[in-house]
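S.K.: Below is the structure I would like to discuss, written out as structure tokens.
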Amino acid sequence: MAFEWCITDYFDPKNQEHHKIKAEIEIGDGLPDIRYTRQCLEALKQAGFELMAIAAEPDFSVLGKRLGKSLGVVAKEVKAMTQGDILAFEKASWRSNYCYTLLEAD
């Protein structure tokens with residue numbers, strides 16, 4: 001696993017505060033010029049990496065029986081999980097949400 005600092009399309013080259021934050025990250029981490037996310041992704045593809053994204057989808061047939069009316073709230077929470085949340089869930093094999101414990105099969 002690795003990580004890379006990248007600039008998103010929200011970076012405004014005309015905004016001095018954006019430049020200040022970028023420069024502080026570069027200095028603090030000893031980095032050369034930080035590249036845009038699209039440039040980093042293209043470099044990974046050219047190096048032969050397969051880019052993947054993960055998302056959580058609740059199994060409504062399993063959860064509906066167990067959660068009843070609470071299914072909507074829990075399903076919304078599951079769909080809002082970040083990739084980091086999902087990886088942590090896969091490692092732990094469970095997650096506690098809204099007083100319910102979710103298992104991998106859910």
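By convention here, the chains of the structure tokens are called A, B, ... in the order presented, each chain's residues are numbered starting at 1, and ligands are numbered starting at 1 in the order presented.
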Excluding Val78 of chain A and residues on its chain fewer than 2 positions from it, collect all residues at most 9 Å away from it, counting only C-alpha atoms, and give them as a PDB file with all heavy atoms, in the first residue's frame.

M.R.:
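Contents of result_20.pdb, freshly written:
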ATOM      1  N   ALA A  56     -19.550  -0.115  -0.620  1.00  0.00           N
ATOM      2  CA  ALA A  56     -20.339  -1.042   0.196  1.00  0.00           C
ATOM      3  C   ALA A  56     -21.796  -0.989  -0.256  1.00  0.00           C
ATOM      4  O   ALA A  56     -22.355   0.083  -0.444  1.00  0.00           O
ATOM      5  CB  ALA A  56     -20.235  -0.680   1.668  1.00  0.00           C
ATOM      6  N   GLU A  57     -22.381  -2.138  -0.440  1.00  0.00           N
ATOM      7  CA  GLU A  57     -23.805  -2.257  -0.781  1.00  0.00           C
ATOM      8  C   GLU A  57     -24.438  -3.221   0.212  1.00  0.00           C
ATOM      9  O   GLU A  57     -24.032  -4.371   0.302  1.00  0.00           O
ATOM     10  CB  GLU A  57     -23.987  -2.794  -2.200  1.00  0.00           C
ATOM     11  CG  GLU A  57     -23.814  -1.763  -3.288  1.00  0.00           C
ATOM     12  CD  GLU A  57     -24.890  -0.690  -3.263  1.00  0.00           C
ATOM     13  OE1 GLU A  57     -26.052  -0.983  -2.912  1.00  0.00           O
ATOM     14  OE2 GLU A  57     -24.553   0.456  -3.573  1.00  0.00           O
ATOM     15  N   PRO A  58     -25.418  -2.778   0.959  1.00  0.00           N
ATOM     16  CA  PRO A  58     -26.062  -3.674   1.928  1.00  0.00           C
ATOM     17  C   PRO A  58     -26.869  -4.751   1.221  1.00  0.00           C
ATOM     18  O   PRO A  58     -27.405  -4.526   0.141  1.00  0.00           O
ATOM     19  CB  PRO A  58     -26.972  -2.742   2.719  1.00  0.00           C
ATOM     20  CG  PRO A  58     -27.186  -1.552   1.845  1.00  0.00           C
ATOM     21  CD  PRO A  58     -25.992  -1.437   0.970  1.00  0.00           C
ATOM     22  N   VAL A  73     -32.081   3.609   7.683  1.00  0.00           N
ATOM     23  CA  VAL A  73     -31.023   4.363   8.360  1.00  0.00           C
ATOM     24  C   VAL A  73     -29.694   3.632   8.241  1.00  0.00           C
ATOM     25  O   VAL A  73     -28.665   4.221   7.916  1.00  0.00           O
ATOM     26  CB  VAL A  73     -31.385   4.593   9.851  1.00  0.00           C
ATOM     27  CG1 VAL A  73     -30.235   5.215  10.599  1.00  0.00           C
ATOM     28  CG2 VAL A  73     -32.632   5.436   9.962  1.00  0.00           C
ATOM     29  N   VAL A  74     -29.710   2.330   8.489  1.00  0.00           N
ATOM     30  CA  VAL A  74     -28.476   1.547   8.440  1.00  0.00           C
ATOM     31  C   VAL A  74     -27.967   1.448   6.998  1.00  0.00           C
ATOM     32  O   VAL A  74     -26.764   1.576   6.748  1.00  0.00           O
ATOM     33  CB  VAL A  74     -28.688   0.150   9.061  1.00  0.00           C
ATOM     34  CG1 VAL A  74     -27.449  -0.713   8.905  1.00  0.00           C
ATOM     35  CG2 VAL A  74     -29.046   0.292  10.539  1.00  0.00           C
ATOM     36  N   ALA A  75     -28.858   1.262   6.038  1.00  0.00           N
ATOM     37  CA  ALA A  75     -28.452   1.179   4.632  1.00  0.00           C
ATOM     38  C   ALA A  75     -27.792   2.478   4.183  1.00  0.00           C
ATOM     39  O   ALA A  75     -26.787   2.464   3.470  1.00  0.00           O
ATOM     40  CB  ALA A  75     -29.646   0.857   3.747  1.00  0.00           C
ATOM     41  N   LYS A  76     -28.326   3.602   4.628  1.00  0.00           N
ATOM     42  CA  LYS A  76     -27.749   4.908   4.280  1.00  0.00           C
ATOM     43  C   LYS A  76     -26.336   5.017   4.850  1.00  0.00           C
ATOM     44  O   LYS A  76     -25.418   5.495   4.185  1.00  0.00           O
ATOM     45  CB  LYS A  76     -28.637   6.026   4.810  1.00  0.00           C
ATOM     46  CG  LYS A  76     -28.180   7.407   4.439  1.00  0.00           C
ATOM     47  CD  LYS A  76     -29.154   8.458   4.945  1.00  0.00           C
ATOM     48  CE  LYS A  76     -28.664   9.857   4.619  1.00  0.00           C
ATOM     49  NZ  LYS A  76     -29.566  10.880   5.133  1.00  0.00           N
ATOM     50  N   ALA A  80     -22.674   5.234   2.790  1.00  0.00           N
ATOM     51  CA  ALA A  80     -21.825   6.402   3.020  1.00  0.00           C
ATOM     52  C   ALA A  80     -20.408   6.019   3.464  1.00  0.00           C
ATOM     53  O   ALA A  80     -19.558   6.891   3.633  1.00  0.00           O
ATOM     54  CB  ALA A  80     -22.461   7.313   4.060  1.00  0.00           C
ATOM     55  N   MET A  81     -20.137   4.733   3.644  1.00  0.00           N
ATOM     56  CA  MET A  81     -18.816   4.303   4.093  1.00  0.00           C
ATOM     57  C   MET A  81     -17.753   4.689   3.070  1.00  0.00           C
ATOM     58  O   MET A  81     -17.944   4.521   1.872  1.00  0.00           O
ATOM     59  CB  MET A  81     -18.798   2.785   4.321  1.00  0.00           C
ATOM     60  CG  MET A  81     -19.602   2.334   5.519  1.00  0.00           C
ATOM     61  SD  MET A  81     -19.783   0.536   5.647  1.00  0.00           S
ATOM     62  CE  MET A  81     -18.110   0.029   5.981  1.00  0.00           C
ATOM     63  N   ILE A  86     -14.503   0.795   4.587  1.00  0.00           N
ATOM     64  CA  ILE A  86     -14.761  -0.536   4.030  1.00  0.00           C
ATOM     65  C   ILE A  86     -13.576  -1.462   4.273  1.00  0.00           C
ATOM     66  O   ILE A  86     -13.752  -2.616   4.681  1.00  0.00           O
ATOM     67  CB  ILE A  86     -15.096  -0.449   2.531  1.00  0.00           C
ATOM     68  CG1 ILE A  86     -16.409   0.323   2.328  1.00  0.00           C
ATOM     69  CG2 ILE A  86     -15.192  -1.838   1.906  1.00  0.00           C
ATOM     70  CD1 ILE A  86     -16.683   0.739   0.899  1.00  0.00           C
ATOM     71  N   ASN A  97     -23.131  -0.066  13.854  1.00  0.00           N
ATOM     72  CA  ASN A  97     -23.815   1.108  13.310  1.00  0.00           C
ATOM     73  C   ASN A  97     -25.174   1.237  13.982  1.00  0.00           C
ATOM     74  O   ASN A  97     -25.960   0.301  13.951  1.00  0.00           O
ATOM     75  CB  ASN A  97     -24.056   0.957  11.807  1.00  0.00           C
ATOM     76  CG  ASN A  97     -22.793   1.021  11.000  1.00  0.00           C
ATOM     77  OD1 ASN A  97     -21.772   0.512  11.410  1.00  0.00           O
ATOM     78  ND2 ASN A  97     -22.858   1.639   9.842  1.00  0.00           N
TER      79      ASN A  97
END

S.K.: Considering only C-alpha atoms, return as an mmCIF file with N, CA, C and O atoms, in the first residue's frame whatever protein or nucleic-acid residues lie within 6 Å of segment 31-44 of chain A, sequence-local ones (same chain, fewer than 3 positions apart) excluded.

M.R.:
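This went into around_18.cif:
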data_model
loop_
_atom_site.group_PDB
_atom_site.id
_atom_site.type_symbol
_atom_site.label_atom_id
_atom_site.label_comp_id
_atom_site.auth_asym_id
_atom_site.auth_seq_id
_atom_site.Cartn_x
_atom_site.Cartn_y
_atom_site.Cartn_z
ATOM 1 N N CYS A 6 -1.997 14.597 -3.807
ATOM 2 C CA CYS A 6 -2.460 15.049 -5.118
ATOM 3 C C CYS A 6 -3.311 16.302 -4.956
ATOM 4 O O CYS A 6 -3.921 16.520 -3.922
ATOM 5 N N ILE A 7 -3.353 17.081 -6.011
ATOM 6 C CA ILE A 7 -4.202 18.266 -6.049
ATOM 7 C C ILE A 7 -5.487 17.886 -6.774
ATOM 8 O O ILE A 7 -5.442 17.295 -7.849
ATOM 9 N N THR A 8 -6.619 18.232 -6.198
ATOM 10 C CA THR A 8 -7.894 17.961 -6.868
ATOM 11 C C THR A 8 -8.253 19.125 -7.789
ATOM 12 O O THR A 8 -7.581 20.164 -7.802
ATOM 13 N N GLU A 26 4.165 20.547 0.743
ATOM 14 C CA GLU A 26 5.396 20.179 0.023
ATOM 15 C C GLU A 26 6.616 20.311 0.924
ATOM 16 O O GLU A 26 7.461 19.408 0.978
ATOM 17 N N ALA A 47 2.304 2.735 -15.478
ATOM 18 C CA ALA A 47 3.221 1.823 -14.794
ATOM 19 C C ALA A 47 2.648 0.412 -14.692
ATOM 20 O O ALA A 47 3.302 -0.489 -14.173
ATOM 21 N N PHE A 49 -0.407 -0.466 -13.198
ATOM 22 C CA PHE A 49 -1.328 -0.695 -12.095
ATOM 23 C C PHE A 49 -2.772 -0.682 -12.584
ATOM 24 O O PHE A 49 -3.121 0.072 -13.485
#

S.K.: Check chain A with DSSP on the backbone and list each residue it calls helix (DSSP H, G or I), as an NGL selection string.

M.R.: :A and (16-29 or 37-46 or 60-79 or 83-92)

S.K.: Would you mind listing what lies within 12 Å of Ile21 of chain A as a VMD selection string, with only C-alpha atoms counted and same-chain residues fewer than 6 positions away left out?

M.R.: chain A and resid 7 11 to 13 15 27 to 28 34

S.K.: Those same residues - N, CA and C atoms - I'd like them written as a PDB file, in the first residue's frame.

M.R.:
ATOM      1  N   ILE A   7      -3.353  17.081  -6.011  1.00  0.00           N
ATOM      2  CA  ILE A   7      -4.202  18.266  -6.049  1.00  0.00           C
ATOM      3  C   ILE A   7      -5.487  17.886  -6.774  1.00  0.00           C
ATOM      4  N   PHE A  11      -8.582  22.788  -6.526  1.00  0.00           N
ATOM      5  CA  PHE A  11      -7.449  23.699  -6.348  1.00  0.00           C
ATOM      6  C   PHE A  11      -7.605  24.862  -7.323  1.00  0.00           C
ATOM      7  N   ASP A  12      -7.535  26.065  -6.786  1.00  0.00           N
ATOM      8  CA  ASP A  12      -7.677  27.277  -7.603  1.00  0.00           C
ATOM      9  C   ASP A  12      -6.311  27.931  -7.747  1.00  0.00           C
ATOM     10  N   PRO A  13      -5.706  27.873  -8.940  1.00  0.00           N
ATOM     11  CA  PRO A  13      -4.376  28.450  -9.128  1.00  0.00           C
ATOM     12  C   PRO A  13      -4.318  29.960  -8.863  1.00  0.00           C
ATOM     13  N   ASN A  15      -5.912  31.333  -6.257  1.00  0.00           N
ATOM     14  CA  ASN A  15      -6.168  31.512  -4.827  1.00  0.00           C
ATOM     15  C   ASN A  15      -4.853  31.370  -4.051  1.00  0.00           C
ATOM     16  N   ILE A  27       6.704  21.410   1.667  1.00  0.00           N
ATOM     17  CA  ILE A  27       7.844  21.622   2.570  1.00  0.00           C
ATOM     18  C   ILE A  27       7.807  20.622   3.721  1.00  0.00           C
ATOM     19  N   GLY A  28       6.645  20.464   4.332  1.00  0.00           N
ATOM     20  CA  GLY A  28       6.507  19.567   5.486  1.00  0.00           C
ATOM     21  C   GLY A  28       6.790  18.113   5.174  1.00  0.00           C
ATOM     22  N   ILE A  34       3.527  19.122  -6.130  1.00  0.00           N
ATOM     23  CA  ILE A  34       2.423  18.158  -6.048  1.00  0.00           C
ATOM     24  C   ILE A  34       1.641  18.213  -7.356  1.00  0.00           C
TER      25      ILE A  34
END

S.K.: Mind listing the strand (DSSP E or B) residues of segment 1-97 of chain A, per DSSP on the backbone, as a list in words?

M.R.: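 Answer for segment 1-97 of chain A restricted to strand (DSSP E or B) is Ile7, Tyr36, Trp94, Arg95, Ser96 and Asn97 of chain A.
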
S.K.: Please produce a file of the residues just selected, as a short mmCIF file (atom, residue, chain, number, x, y, z; two decimals), in the first residue's frame, where the atoms kept are N, CA, C and O atoms.

M.R.:
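Output saved as result_39.cif:
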data_model
loop_
_atom_site.label_atom_id
_atom_site.label_comp_id
_atom_site.auth_asym_id
_atom_site.auth_seq_id
_atom_site.Cartn_x
_atom_site.Cartn_y
_atom_site.Cartn_z
N ILE A 7 -3.35 17.08 -6.01
CA ILE A 7 -4.20 18.27 -6.05
C ILE A 7 -5.49 17.89 -6.77
O ILE A 7 -5.44 17.29 -7.85
N TYR A 36 -1.60 17.05 -10.04
CA TYR A 36 -3.05 16.85 -10.01
C TYR A 36 -3.36 15.35 -9.93
O TYR A 36 -2.60 14.51 -10.41
N TRP A 94 -16.65 -6.99 11.11
CA TRP A 94 -17.88 -6.48 11.73
C TRP A 94 -17.78 -4.98 11.87
O TRP A 94 -16.71 -4.40 11.80
N ARG A 95 -18.92 -4.34 12.06
CA ARG A 95 -18.98 -2.88 12.28
C ARG A 95 -20.25 -2.59 13.06
O ARG A 95 -21.31 -3.13 12.76
N SER A 96 -20.14 -1.72 14.03
CA SER A 96 -21.30 -1.35 14.82
C SER A 96 -21.86 -0.04 14.28
O SER A 96 -21.17 0.97 14.22
N ASN A 97 -23.13 -0.07 13.85
CA ASN A 97 -23.81 1.11 13.31
C ASN A 97 -25.17 1.24 13.98
O ASN A 97 -25.96 0.30 13.95
#

S.K.: When distances are computed from only C-alpha atoms, which of A:Leu102, A:Ala88, A:Lys79, A:Gln46 shows the smallest separation from Leu67 of chain A?

M.R.: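 Between A:Leu102, A:Ala88, A:Lys79, A:Gln46, the residue approaching Leu67 of chain A most closely is A:Leu102.
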